[in-house]
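Following: one structure in structure tokens, then a few remarks.
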Amino acid sequence: MTESITQEAVVLEQPGKITLMDVSIPTISDPNDVIIQIKATGICGSDIHYYTHGKIANYVVKSPMVLGHESSGIVALIGENVKTLKVGDRVALEPGLPDRFSPEMREGRYNLDPNLKFAATPPFDGTLTKYYKTAKDFVYKLPDHLSFEEGALMEPLSVAVHANKIAKMKFGARCVVFGAGPIGLLAGKVASVFGATDVVFVDLSETKLERASQFGATHVVNSGGLPHGVTVDSVIKKEIGKKGADIIFECSGAQACIRTGIEVCKAGGTFIQVGMGPEEIQFPISMIPTKELTFQGCLRYCQGDYSDSIELASSGKLSLKPLITHRYKFKDAIDAFDENRDHPLNNVKTIIEGPA
């Protein structure tokens, strides 16, 4: 590692203002620490939301915060208790650190730990620096044939894997995915790998829907381009049958999509809310008991999801490369964030390379 005590980082100073500025280089302070030299980072929708609005739900940006949490890199330094990793290992990092003694941790559902320290979620700094410190048990070796870009995308893939697990995805299922962004595309692809025979993607962006064919789509619906008088739910049911879908993955957070998802979910079906939307919306709650729907939230990922994601990508059953639409050098990171903020419909996944 460098002998310098500072490093350049991509910092959200305040809503609407991102700066490249110097921050402290981390040091080993616990024998279980691992310091990673970051090689690739994906821009997430949450990064853009903090950039634009300064908050997500109860998480409010009150002071400058380093952005980024979808990252991979090379092990640069390890604590004395770290035996499963060595300097030079290529790794993906899971960006949330729970309280090791919490009930949620013991249950394997550490994503629900209220004291979870998640990168680039106020008040915790993210990974868009040269060196980032985390704990050994949240660092995963990457197979040699997976790139750093693919390693960074284990984070959104883990969300998709988690969503499919809690949906109890099985062979022959008919599912609908609302929102063909990175999480939606991956949720649909994982569903396809897990055995879904119908995977319908719904989105406003033709650019994103065009990519859906590479992510398990059997049908796509451009909800912004339907003829007058034709509804989204009628188009979906025409494709998968009048009974509706076995499983809904709602990945947009949009009220209209939530309402339509409940309408097209079959009696006894499962609705998984993945996307974060407005704090309050209107939706047909009476349909949940009358159709006896399972309505469940999905928060990030938990025990086993990262390992399963690496295995899934490594097997060749799923390719992450088609997800990437834009690449930027670290020095151009501000341009990358501006492009994602200003043209969201044209961007699926942007990767920031480095810093070198």
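In the structure tokens, each chain is lettered A, B, ... as it comes, each chain's residues begin at 1, and ligands are numbered from 1 in order of appearance.
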Kindly assemble as a tab-separated table a list of the stretch 180-207 of chain A residues that lie within 10 Å of stretch 238-257 of chain A, each paired with its nearest atom pair and their distance in Å to one decimal, using only C-alpha atoms, sorted first by chain and then by ascending residue number.
residue	atom	partner	partner_atom	distance
A:Ala180	CA	A:Cys251	CA	7.7
A:Gly181	CA	A:Cys251	CA	7.9
A:Pro182	CA	A:Cys251	CA	9.3
A:Ile183	CA	A:Cys251	CA	6.8
A:Gly184	CA	A:Cys251	CA	5.5
A:Leu185	CA	A:Cys251	CA	9.3
A:Ala187	CA	A:Phe249	CA	7.4
A:Gly188	CA	A:Phe249	CA	8.2
A:Ala191	CA	A:Ile247	CA	9.7
A:Ala196	CA	A:Ile247	CA	9.6
A:Thr197	CA	A:Ile240	CA	9.9
A:Asp198	CA	A:Ile240	CA	7.0
A:Val199	CA	A:Ile240	CA	9.0
A:Val200	CA	A:Glu239	CA	8.3
A:Phe201	CA	A:Phe249	CA	9.6
A:Val202	CA	A:Cys257	CA	8.6
A:Asp203	CA	A:Ser252	CA	8.7
Write the residues you've just listed into a file as an mmCIF file, in the first residue's frame, and include C-alpha atoms for each of them.
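Final output, saved to selection_36.cif:
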data_model
loop_
_atom_site.group_PDB
_atom_site.id
_atom_site.type_symbol
_atom_site.label_atom_id
_atom_site.label_comp_id
_atom_site.auth_asym_id
_atom_site.auth_seq_id
_atom_site.Cartn_x
_atom_site.Cartn_y
_atom_site.Cartn_z
ATOM 1 C CA ALA A 180 -36.312 -3.291 -16.189
ATOM 2 C CA GLY A 181 -33.440 -1.589 -14.426
ATOM 3 C CA PRO A 182 -30.482 -3.617 -13.141
ATOM 4 C CA ILE A 183 -32.382 -5.225 -10.253
ATOM 5 C CA GLY A 184 -35.433 -5.997 -12.364
ATOM 6 C CA LEU A 185 -33.427 -7.482 -15.221
ATOM 7 C CA ALA A 187 -34.551 -10.712 -10.903
ATOM 8 C CA GLY A 188 -36.074 -11.879 -14.175
ATOM 9 C CA ALA A 191 -36.211 -16.462 -12.140
ATOM 10 C CA ALA A 196 -39.757 -19.809 -14.556
ATOM 11 C CA THR A 197 -41.353 -20.506 -17.930
ATOM 12 C CA ASP A 198 -42.895 -17.050 -18.414
ATOM 13 C CA VAL A 199 -41.006 -13.864 -17.560
ATOM 14 C CA VAL A 200 -42.746 -10.630 -18.535
ATOM 15 C CA PHE A 201 -40.871 -7.333 -18.190
ATOM 16 C CA VAL A 202 -42.758 -4.031 -17.923
ATOM 17 C CA ASP A 203 -41.000 -0.677 -18.304
#
Skip A:Asp144 itself and residues of its chain fewer than 4 positions away, then list as an mmCIF file with C-alpha atoms, in the first residue's frame all residues within 10 Å of it, counting only C-alpha atoms.
data_model
loop_
_atom_site.group_PDB
_atom_site.id
_atom_site.type_symbol
_atom_site.label_atom_id
_atom_site.label_comp_id
_atom_site.auth_asym_id
_atom_site.auth_seq_id
_atom_site.Cartn_x
_atom_site.Cartn_y
_atom_site.Cartn_z
ATOM 1 C CA ASP A 89 -6.653 -12.092 -3.951
ATOM 2 C CA ARG A 90 -9.313 -10.857 -6.385
ATOM 3 C CA VAL A 91 -12.518 -10.276 -4.418
ATOM 4 C CA PHE A 148 -13.720 -6.970 -11.681
ATOM 5 C CA SER A 314 -19.323 -18.437 -12.323
#
Original post:
Hey, what's within 6 Å of stretch 43-54 of chain A if we count only C-alpha atoms and toss same-chain stuff fewer than 2 positions away? As a ChimeraX atom specification, please?
Top reply: /A:15-16,61,350
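Take the candidates A:His228, A:Lys83, A:Lys39, A:Lys237 and check each one against A:Lys136 using only C-alpha atoms; the shortest distance goes to A:Lys83.
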**OP:** Using DSSP on the backbone coordinates, identify all residues within stretch 64-295 of chain A classified as strand (DSSP E); present the result as an MDAnalysis selection string.
**Re:** chainID A and resid 65:66 70:78 90:93 96:97 117:118 131:135 139:141 174:178 198:203 219:222 245:250 265:273 294:295
Skip A:Tyr110 itself and residues of its chain fewer than 3 positions away, then list as a CSV table (one decimal) with C-alpha atoms, in the first residue's frame all residues within 7 Å of it, counting only C-alpha atoms.
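Result saved to around.csv:
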chain,number,residue,atom,x,y,z
A,98,PRO,CA,-24.2,-6.0,10.9
A,104,GLU,CA,-30.9,-10.8,13.2
A,105,MET,CA,-27.3,-11.9,12.7
A,113,ASP,CA,-30.3,-5.5,11.7
A,302,CYS,CA,-28.6,-12.0,3.7
Original post:
Contacts of A:Ile262 at 8 Å or less, counting only C-alpha atoms, minus same-chain residues fewer than 3 places along, as a PyMOL selection string?
Top reply: chain A and resi 258-259+265+271+284+287-288
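Shortest separation to A:Lys170 among A:Gln214, A:Thr6, A:Ser158, A:Ser192 occurs at residue A:Ser192, atoms counted being only C-alpha atoms.
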Subject >> Counting only C-alpha atoms, the option among A:Lys62, A:Lys329, A:Arg341, A:Arg109 closest to A:His162 >> reply: A:Arg109
Subject >> Separation of atom CA of A:Leu128 from atom CA of A:Phe330 in Å >> reply: 8.4 Å
